>>> print(open('entry.cif').read())   # mmCIF, C-alpha atoms and all ligand atoms
data_upload
#
loop_
_atom_site.label_atom_id
_atom_site.label_comp_id
_atom_site.auth_asym_id
_atom_site.auth_seq_id
_atom_site.Cartn_x
_atom_site.Cartn_y
_atom_site.Cartn_z
CA MET A 20 -10.42 -4.19 10.08
CA ARG A 21 -9.01 -7.38 11.55
CA ILE A 22 -8.61 -8.17 15.21
CA LEU A 23 -6.70 -11.03 16.79
CA LEU A 24 -8.44 -12.16 19.97
CA VAL A 25 -6.23 -14.21 22.27
CA GLU A 26 -8.18 -15.75 25.11
CA ASP A 27 -8.22 -19.32 26.46
CA GLU A 28 -11.67 -19.16 28.03
CA GLU A 29 -14.06 -20.13 25.31
CA HIS A 30 -17.16 -18.36 26.65
CA ILE A 31 -15.34 -15.04 26.95
CA ARG A 32 -13.87 -15.50 23.48
CA ASP A 33 -17.31 -16.20 22.02
CA ILE A 34 -19.03 -13.21 23.51
CA VAL A 35 -16.20 -10.79 22.68
CA ARG A 36 -16.00 -12.10 19.12
CA LEU A 37 -19.75 -11.81 18.59
CA ASN A 38 -19.80 -8.23 19.79
CA LEU A 39 -16.81 -7.21 17.70
CA GLU A 40 -18.30 -8.89 14.63
CA MET A 41 -21.49 -6.90 15.16
CA ASP A 42 -19.31 -3.79 15.03
CA GLY A 43 -18.05 -4.97 11.64
CA TYR A 44 -14.63 -6.31 12.59
CA GLU A 45 -13.19 -9.54 11.26
CA VAL A 46 -12.06 -11.53 14.30
CA VAL A 47 -9.41 -14.24 14.33
CA GLU A 48 -9.18 -16.30 17.52
CA ALA A 49 -6.28 -17.93 19.33
CA ASP A 50 -6.46 -19.78 22.64
CA ASN A 51 -2.74 -19.86 23.40
CA GLY A 52 0.38 -17.72 23.18
CA PRO A 53 2.45 -19.59 20.58
CA ASP A 54 -0.46 -19.60 18.09
CA ALA A 55 -1.00 -15.90 18.73
CA VAL A 56 2.64 -15.04 18.02
CA ARG A 57 2.61 -17.18 14.87
CA PHE A 58 -0.60 -15.56 13.59
CA THR A 59 0.84 -12.07 14.02
CA GLU A 60 3.85 -13.10 11.96
CA GLU A 61 1.76 -14.53 9.13
CA GLN A 62 -1.19 -12.17 8.99
CA HIS A 63 -2.00 -8.53 9.25
CA PHE A 64 -4.04 -7.32 12.23
CA ASP A 65 -5.29 -3.86 13.08
CA LEU A 66 -5.48 -4.65 16.78
CA LEU A 67 -4.68 -7.38 19.31
CA ILE A 68 -6.75 -8.26 22.36
CA LEU A 69 -4.54 -10.23 24.65
CA ASP A 70 -5.56 -12.12 27.77
CA VAL A 71 -2.79 -12.10 30.39
CA MET A 72 -3.49 -15.49 31.98
CA LEU A 73 -2.88 -18.01 29.22
CA PRO A 74 -1.55 -21.57 29.38
CA GLU A 75 2.15 -21.98 28.44
CA THR A 76 3.14 -18.47 27.39
CA ASP A 77 1.37 -15.67 29.27
CA GLY A 78 0.07 -12.52 27.64
CA PHE A 79 3.04 -10.43 28.78
CA ALA A 80 5.46 -12.74 26.98
CA VAL A 81 3.26 -12.79 23.89
CA CYS A 82 3.19 -8.99 23.85
CA GLU A 83 6.96 -8.85 24.18
CA GLN A 84 7.46 -11.25 21.28
CA VAL A 85 4.98 -9.44 19.07
CA ARG A 86 6.65 -6.08 19.77
CA LEU A 87 10.03 -7.39 18.61
CA LYS A 88 8.68 -7.43 15.07
CA ASN A 89 5.67 -5.16 15.19
CA THR A 90 5.82 -1.92 17.13
CA GLU A 91 2.72 -0.49 15.48
CA VAL A 92 -0.25 -2.76 16.13
CA PRO A 93 -2.34 -1.58 19.11
CA ILE A 94 -2.56 -4.12 21.94
CA ILE A 95 -5.22 -4.25 24.67
CA PHE A 96 -4.63 -6.51 27.65
CA LEU A 97 -7.40 -8.34 29.42
CA THR A 98 -6.35 -8.96 32.95
CA ALA A 99 -8.03 -10.77 35.79
CA LYS A 100 -5.82 -9.11 38.31
CA ASP A 101 -6.37 -5.54 39.14
CA SER A 102 -3.04 -4.83 40.68
CA PRO A 103 -1.21 -1.69 39.59
CA ALA A 104 1.95 -3.78 39.26
CA ASP A 105 0.34 -5.94 36.59
CA ARG A 106 -0.98 -2.97 34.70
CA ILE A 107 2.43 -1.34 34.73
CA LYS A 108 4.04 -4.61 33.66
CA GLY A 109 1.71 -4.79 30.67
CA LEU A 110 2.17 -1.20 29.64
CA LYS A 111 5.94 -1.52 30.00
CA ARG A 112 5.94 -4.47 27.64
CA GLY A 113 4.32 -2.37 24.97
CA ALA A 114 0.58 -2.66 25.52
CA ASP A 115 -1.51 0.39 24.68
CA ASP A 116 -4.44 -0.21 26.98
CA TYR A 117 -5.86 -2.76 29.43
CA LEU A 118 -9.17 -3.85 30.82
CA THR A 119 -9.76 -5.66 34.07
CA LYS A 120 -12.01 -8.69 34.10
CA PRO A 121 -14.93 -8.78 34.42
CA PHE A 122 -15.12 -5.95 31.93
CA ASN A 123 -17.98 -4.13 30.34
CA LEU A 124 -18.34 -5.17 26.69
CA GLU A 125 -19.36 -1.72 25.60
CA GLU A 126 -16.23 -0.31 27.18
CA LEU A 127 -14.11 -2.85 25.32
CA GLN A 128 -15.82 -1.95 22.04
CA LEU A 129 -15.20 1.76 22.65
CA ARG A 130 -11.55 1.24 23.51
CA VAL A 131 -11.06 -0.96 20.46
CA ALA A 132 -12.60 1.71 18.21
CA ASN A 133 -10.50 4.47 19.79
CA LEU A 134 -7.23 2.59 19.52
CA ILE A 135 -7.83 1.65 15.90
CA LYS A 136 -8.75 5.22 15.03
CA ARG A 137 -5.63 6.53 16.77
CA SER A 138 -3.35 4.08 15.01
CA LYS A 139 -4.59 4.80 11.51
CA LYS A 140 -2.49 7.49 9.99
CA THR A 141 -4.24 9.39 7.26
CA PRO A 142 -2.72 8.35 3.97
CA VAL A 143 -0.68 11.35 2.84
CA ASN A 144 -0.84 10.59 -0.82
CA GLU A 145 -3.13 7.80 -1.92
CA LEU A 146 -1.56 6.23 -4.97
CA ASN A 147 -3.89 6.76 -7.89
CA GLU A 148 -1.78 6.58 -11.00
CA TYR A 149 1.55 5.04 -11.70
CA SER A 150 3.93 4.93 -14.65
CA PHE A 151 6.82 2.61 -15.17
CA GLY A 152 8.88 1.64 -18.24
CA GLY A 153 6.50 3.30 -20.70
CA ASN A 154 3.45 1.69 -19.04
CA ARG A 155 0.75 3.62 -17.24
CA VAL A 156 -1.87 2.36 -14.80
CA ASN A 157 -4.82 4.10 -13.16
CA PHE A 158 -5.77 2.32 -9.94
CA SER A 159 -9.23 3.89 -9.67
CA THR A 160 -10.46 3.33 -13.21
CA PHE A 161 -8.35 0.15 -13.79
CA GLU A 162 -7.28 1.61 -17.15
CA ALA A 163 -3.84 0.72 -18.35
CA THR A 164 -1.64 1.71 -21.25
CA ALA A 165 1.16 -0.56 -22.33
CA LYS A 166 2.92 -1.70 -25.49
CA GLN A 167 -0.27 -3.23 -26.90
CA GLY A 168 -2.23 -0.01 -26.38
CA ASP A 169 -5.01 0.83 -23.94
CA PHE A 170 -6.76 -1.92 -22.05
CA GLN A 171 -8.71 -2.58 -18.88
CA LEU A 172 -7.33 -4.42 -15.87
CA THR A 173 -9.67 -6.48 -13.70
CA LYS A 174 -10.28 -5.16 -10.19
CA LYS A 175 -8.15 -7.92 -8.65
CA GLU A 176 -5.34 -7.23 -11.11
CA ALA A 177 -5.42 -3.54 -10.20
CA MET A 178 -5.40 -4.35 -6.47
CA LEU A 179 -2.48 -6.74 -6.77
CA LEU A 180 -0.52 -4.35 -8.97
CA LYS A 181 -1.11 -1.50 -6.53
CA LEU A 182 0.04 -3.64 -3.61
CA LEU A 183 3.28 -4.55 -5.39
CA VAL A 184 3.91 -0.97 -6.53
CA GLU A 185 3.25 0.48 -3.07
CA ARG A 186 5.83 -1.93 -1.69
CA LYS A 187 8.31 -1.36 -4.47
CA GLY A 188 11.60 -3.15 -3.83
CA GLU A 189 10.19 -5.28 -1.01
CA VAL A 190 9.37 -8.96 -1.18
CA VAL A 191 5.61 -9.42 -0.84
CA SER A 192 4.72 -12.92 0.31
CA ARG A 193 1.91 -14.97 -1.22
CA GLN A 194 0.26 -14.91 2.20
CA GLN A 195 0.25 -11.09 2.23
CA ILE A 196 -1.07 -11.02 -1.32
CA LEU A 197 -3.92 -13.40 -0.52
CA GLN A 198 -4.86 -11.30 2.45
CA ALA A 199 -4.67 -7.93 0.75
CA VAL A 200 -6.32 -8.87 -2.53
CA TRP A 201 -8.60 -11.80 -1.76
CA GLY A 202 -9.22 -11.40 1.94
CA TYR A 203 -9.96 -14.54 3.83
CA ASP A 204 -13.34 -15.37 2.34
CA VAL A 205 -12.15 -17.10 -0.79
CA TYR A 206 -8.87 -18.90 -0.90
CA PRO A 207 -7.52 -19.10 -4.41
CA SER A 208 -4.57 -21.42 -4.91
CA THR A 209 -1.15 -19.77 -5.01
CA ARG A 210 -1.20 -20.84 -8.65
CA THR A 211 -3.82 -18.11 -9.19
CA ILE A 212 -1.39 -15.48 -7.98
CA ASP A 213 1.30 -16.91 -10.26
CA ASN A 214 -1.09 -16.54 -13.20
CA PHE A 215 -1.73 -12.89 -12.33
CA ILE A 216 2.01 -12.25 -12.32
CA LEU A 217 2.39 -14.06 -15.67
CA ALA A 218 -0.32 -11.77 -17.05
CA PHE A 219 1.44 -8.66 -15.70
CA ARG A 220 4.64 -9.74 -17.41
CA LYS A 221 2.79 -10.23 -20.67
CA TYR A 222 1.17 -6.80 -20.42
CA PHE A 223 4.05 -4.75 -19.11
CA GLU A 224 7.40 -6.40 -19.72
CA VAL A 225 9.42 -5.91 -22.92
CA ASP A 226 10.52 -9.52 -22.63
CA PRO A 227 8.06 -11.47 -20.42
CA LYS A 228 10.52 -14.38 -20.14
CA ASN A 229 13.19 -12.08 -18.69
CA PRO A 230 11.12 -9.84 -16.41
CA LYS A 231 12.63 -6.62 -15.12
CA PHE A 232 9.67 -5.36 -13.10
CA PHE A 233 7.83 -8.41 -11.78
CA LEU A 234 10.33 -10.71 -10.13
CA SER A 235 9.67 -14.04 -8.44
CA VAL A 236 11.26 -14.73 -5.10
CA ARG A 237 11.38 -18.50 -4.95
CA GLY A 238 9.29 -20.03 -2.21
CA VAL A 239 8.20 -16.66 -0.83
CA GLY A 240 6.40 -14.40 -3.24
CA TYR A 241 7.04 -11.51 -5.57
CA ARG A 242 8.88 -8.24 -5.81
CA PHE A 243 8.23 -5.22 -7.98
CA LEU A 244 11.40 -3.46 -9.07
CA GLU A 245 11.90 -0.27 -10.96
CA GLU A 246 15.20 1.51 -11.22
CA CA B 1 -7.26 -16.71 30.65
#
>>> encode(input="entry.cif", output="structure tokens", more="lines below")
Ligand code: CA
Amino acid sequence: MRILLVEDEEHIRDIVRLNLEMDGYEVVEADNGPDAVRFTEEQHFDLLILDVMLPETDGFAVCEQVRLKNTEVPIIFLTAKDSPADRIKGLKRGADDYLTKPFNLEELQLRVANLIKRSKKTPVNELNEYSFGGNRVNFSTFEATAKQGDFQLTKKEAMLLKLLVERKGEVVSRQQILQAVWGYDVYPSTRTIDNFILAFRKYFEVDPKNPKFFLSVRGVGYRFLEE
């Protein structure tokens, strides 16, 4: 679970981050609005904690910009002002909850946990097996069957393949792939992803040089297609 924490006061940021990390969340920090908006466009977050009083762009404006592209991610406002008008302003701009400074850390942690729980829809049908063009892949055992017979995918191969299949027809950016498959601990070069795709083509395509399933989208990423 990843949280974006937007707060310009370093000591508040530190203490909130520490507490959230103790609860097992991965916390990414921003100390201004433009960075925050950019991060939400490039990365996936399960929740945003947004201070209202920020230099340049205030939290309300950040919330508005985020909501243009992402209506799903839960947003909690941190506000120094406890005026009903401010609270209403925040909620109108698409926030889900707010806390007034100085706030109780435990209360923040509880609200974070509740909002994340509420926003997670139970997966209706977790994708376990998938067949395409005479190939078959099991995402739990990593077993695959293709033209060369039965073989074993690596865990990372299975994760990447599942990601592409789940988003069939959509362009999946290298950034999204890195995040979903590698997380942010180890940064492989984008060349590594390219090599995975080359391997998929070798395993699963009739003609790896003229791929029908695993397409490159120049400068962006990859797309899995199946008619
Ligand atoms: Ca502030």
>>> atom_distance(input="entry.cif", atom1="atom CA of A:Val156", atom2="atom CA of A:Gln62")
27.9 Å
>>> closest_atom_pairs(input="entry.cif", of="chain A", to="ligand CA 1 (chain B)", cutoff="10 Å", atoms="all atoms listed in the file", output="Markdown table")
| residue | atom | partner | partner_atom | distance |
| --- | --- | --- | --- | --- |
| A:Val25 | CA | B:CA1 | CA | 8.8 |
| A:Glu26 | CA | B:CA1 | CA | 5.7 |
| A:Asp27 | CA | B:CA1 | CA | 5.0 |
| A:Glu28 | CA | B:CA1 | CA | 5.7 |
| A:Glu29 | CA | B:CA1 | CA | 9.3 |
| A:Ile31 | CA | B:CA1 | CA | 9.0 |
| A:Arg32 | CA | B:CA1 | CA | 9.8 |
| A:Asp50 | CA | B:CA1 | CA | 8.6 |
| A:Asn51 | CA | B:CA1 | CA | 9.1 |
| A:Leu69 | CA | B:CA1 | CA | 9.2 |
| A:Asp70 | CA | B:CA1 | CA | 5.7 |
| A:Val71 | CA | B:CA1 | CA | 6.4 |
| A:Met72 | CA | B:CA1 | CA | 4.2 |
| A:Leu73 | CA | B:CA1 | CA | 4.8 |
| A:Pro74 | CA | B:CA1 | CA | 7.6 |
| A:Asp77 | CA | B:CA1 | CA | 8.8 |
| A:Gly78 | CA | B:CA1 | CA | 9.0 |
| A:Leu97 | CA | B:CA1 | CA | 8.5 |
| A:Thr98 | CA | B:CA1 | CA | 8.1 |
| A:Ala99 | CA | B:CA1 | CA | 7.9 |
| A:Lys120 | CA | B:CA1 | CA | 9.9 |
>>> closest_residue(input="entry.cif", among="A:Trp201, A:Phe151, A:Phe122, A:Phe215", to="A:Ile34", atoms="only C-alpha atoms")
A:Phe122
>>> residues_around(input="entry.cif", residues="A:Asp54", least_positions_apart="6", cutoff="10 Å", atoms="all atoms listed in the file", output="compact mmCIF listing (two decimals) with C-alpha atoms, in the coordinates of the input")
# COMPACT_ATOMS: atom_id res chain seq x y z
CA VAL A 25 -6.23 -14.21 22.27
CA GLU A 48 -9.18 -16.30 17.52
CA GLU A 60 3.85 -13.10 11.96
CA VAL A 81 3.26 -12.79 23.89
>>> atom_distance(input="entry.cif", atom1="atom CA of A:Ala218", atom2="atom CA of A:Glu176")
9.0 Å
>>> residues_around(input="entry.cif", residues="A:Val35", least_positions_apart="3", cutoff="9 Å", atoms="all atoms listed in the file", output="PDB file with C-alpha atoms, in the frame of the given file")
ATOM      1  CA  LEU A  24      -8.440 -12.160  19.970  1.00  0.00           C
ATOM      2  CA  HIS A  30     -17.160 -18.360  26.650  1.00  0.00           C
ATOM      3  CA  ILE A  31     -15.340 -15.040  26.950  1.00  0.00           C
ATOM      4  CA  ARG A  32     -13.870 -15.500  23.480  1.00  0.00           C
ATOM      5  CA  ASN A  38     -19.800  -8.230  19.790  1.00  0.00           C
ATOM      6  CA  LEU A  39     -16.810  -7.210  17.700  1.00  0.00           C
ATOM      7  CA  GLU A  40     -18.300  -8.890  14.630  1.00  0.00           C
ATOM      8  CA  LEU A 124     -18.340  -5.170  26.690  1.00  0.00           C
ATOM      9  CA  LEU A 127     -14.110  -2.850  25.320  1.00  0.00           C
ATOM     10  CA  GLN A 128     -15.820  -1.950  22.040  1.00  0.00           C
TER      11      GLN A 128
END
>>> closest_residue(input="entry.cif", among="A:Asp169, A:Glu61, A:Glu246, A:Glu148", to="A:Arg193", atoms="all atoms listed in the file")
A:Glu61
>>> residues_around(input="entry.cif", residues="stretch 194-199 of chain A", least_positions_apart="6", cutoff="8 Å", atoms="all atoms listed in the file", output="list in words")
Glu61, Gln62, His63, Leu179, Leu182, Tyr206 and Pro207 of chain A
>>> residues_around(input="entry.cif", residues="stretch 220-231 of chain A", least_positions_apart="5", cutoff="9 Å", atoms="all atoms listed in the file", output="compact mmCIF listing (two decimals) with C-alpha atoms, keeping the file's coordinate frame")
# COMPACT_ATOMS: atom_id res chain seq x y z
CA PHE A 151 6.82 2.61 -15.17
CA GLY A 152 8.88 1.64 -18.24
CA GLY A 153 6.50 3.30 -20.70
CA ASN A 154 3.45 1.69 -19.04
CA THR A 164 -1.64 1.71 -21.25
CA ALA A 165 1.16 -0.56 -22.33
CA LYS A 166 2.92 -1.70 -25.49
CA GLN A 167 -0.27 -3.23 -26.90
CA PHE A 215 -1.73 -12.89 -12.33
CA PHE A 243 8.23 -5.22 -7.98
CA LEU A 244 11.40 -3.46 -9.07
CA GLU A 245 11.90 -0.27 -10.96
>>> build_atoms(input="entry.cif", residues="stretch 222-234 of chain A", atoms="N, CA and C atoms", output="PDB file, in the frame of the given file")
ATOM      1  N   TYR A 222       1.620  -8.165 -20.135  1.00  0.00           N
ATOM      2  CA  TYR A 222       1.170  -6.800 -20.420  1.00  0.00           C
ATOM      3  C   TYR A 222       2.328  -5.807 -20.445  1.00  0.00           C
ATOM      4  N   PHE A 223       3.191  -5.881 -19.405  1.00  0.00           N
ATOM      5  CA  PHE A 223       4.050  -4.750 -19.110  1.00  0.00           C
ATOM      6  C   PHE A 223       5.541  -4.948 -19.374  1.00  0.00           C
ATOM      7  N   GLU A 224       5.970  -6.183 -19.556  1.00  0.00           N
ATOM      8  CA  GLU A 224       7.400  -6.400 -19.720  1.00  0.00           C
ATOM      9  C   GLU A 224       7.765  -6.394 -21.212  1.00  0.00           C
ATOM     10  N   VAL A 225       8.926  -5.855 -21.537  1.00  0.00           N
ATOM     11  CA  VAL A 225       9.420  -5.910 -22.920  1.00  0.00           C
ATOM     12  C   VAL A 225       9.642  -7.369 -23.294  1.00  0.00           C
ATOM     13  N   ASP A 226      10.304  -8.102 -22.400  1.00  0.00           N
ATOM     14  CA  ASP A 226      10.520  -9.520 -22.630  1.00  0.00           C
ATOM     15  C   ASP A 226       9.954 -10.299 -21.425  1.00  0.00           C
ATOM     16  N   PRO A 227       8.717 -10.811 -21.561  1.00  0.00           N
ATOM     17  CA  PRO A 227       8.060 -11.470 -20.420  1.00  0.00           C
ATOM     18  C   PRO A 227       8.860 -12.631 -19.831  1.00  0.00           C
ATOM     19  N   LYS A 228       9.728 -13.248 -20.639  1.00  0.00           N
ATOM     20  CA  LYS A 228      10.520 -14.380 -20.140  1.00  0.00           C
ATOM     21  C   LYS A 228      11.706 -13.904 -19.304  1.00  0.00           C
ATOM     22  N   ASN A 229      12.115 -12.663 -19.500  1.00  0.00           N
ATOM     23  CA  ASN A 229      13.190 -12.080 -18.690  1.00  0.00           C
ATOM     24  C   ASN A 229      12.666 -10.818 -17.996  1.00  0.00           C
ATOM     25  N   PRO A 230      11.787 -11.005 -17.018  1.00  0.00           N
ATOM     26  CA  PRO A 230      11.120  -9.840 -16.410  1.00  0.00           C
ATOM     27  C   PRO A 230      12.090  -8.914 -15.694  1.00  0.00           C
ATOM     28  N   LYS A 231      11.817  -7.625 -15.816  1.00  0.00           N
ATOM     29  CA  LYS A 231      12.630  -6.620 -15.120  1.00  0.00           C
ATOM     30  C   LYS A 231      11.835  -5.989 -13.989  1.00  0.00           C
ATOM     31  N   PHE A 232      10.513  -6.022 -14.102  1.00  0.00           N
ATOM     32  CA  PHE A 232       9.670  -5.360 -13.100  1.00  0.00           C
ATOM     33  C   PHE A 232       9.073  -6.353 -12.097  1.00  0.00           C
ATOM     34  N   PHE A 233       8.561  -7.458 -12.629  1.00  0.00           N
ATOM     35  CA  PHE A 233       7.830  -8.410 -11.780  1.00  0.00           C
ATOM     36  C   PHE A 233       8.678  -9.645 -11.531  1.00  0.00           C
ATOM     37  N   LEU A 234       9.385  -9.640 -10.404  1.00  0.00           N
ATOM     38  CA  LEU A 234      10.330 -10.710 -10.130  1.00  0.00           C
ATOM     39  C   LEU A 234       9.752 -11.720  -9.150  1.00  0.00           C
TER      40      LEU A 234
END
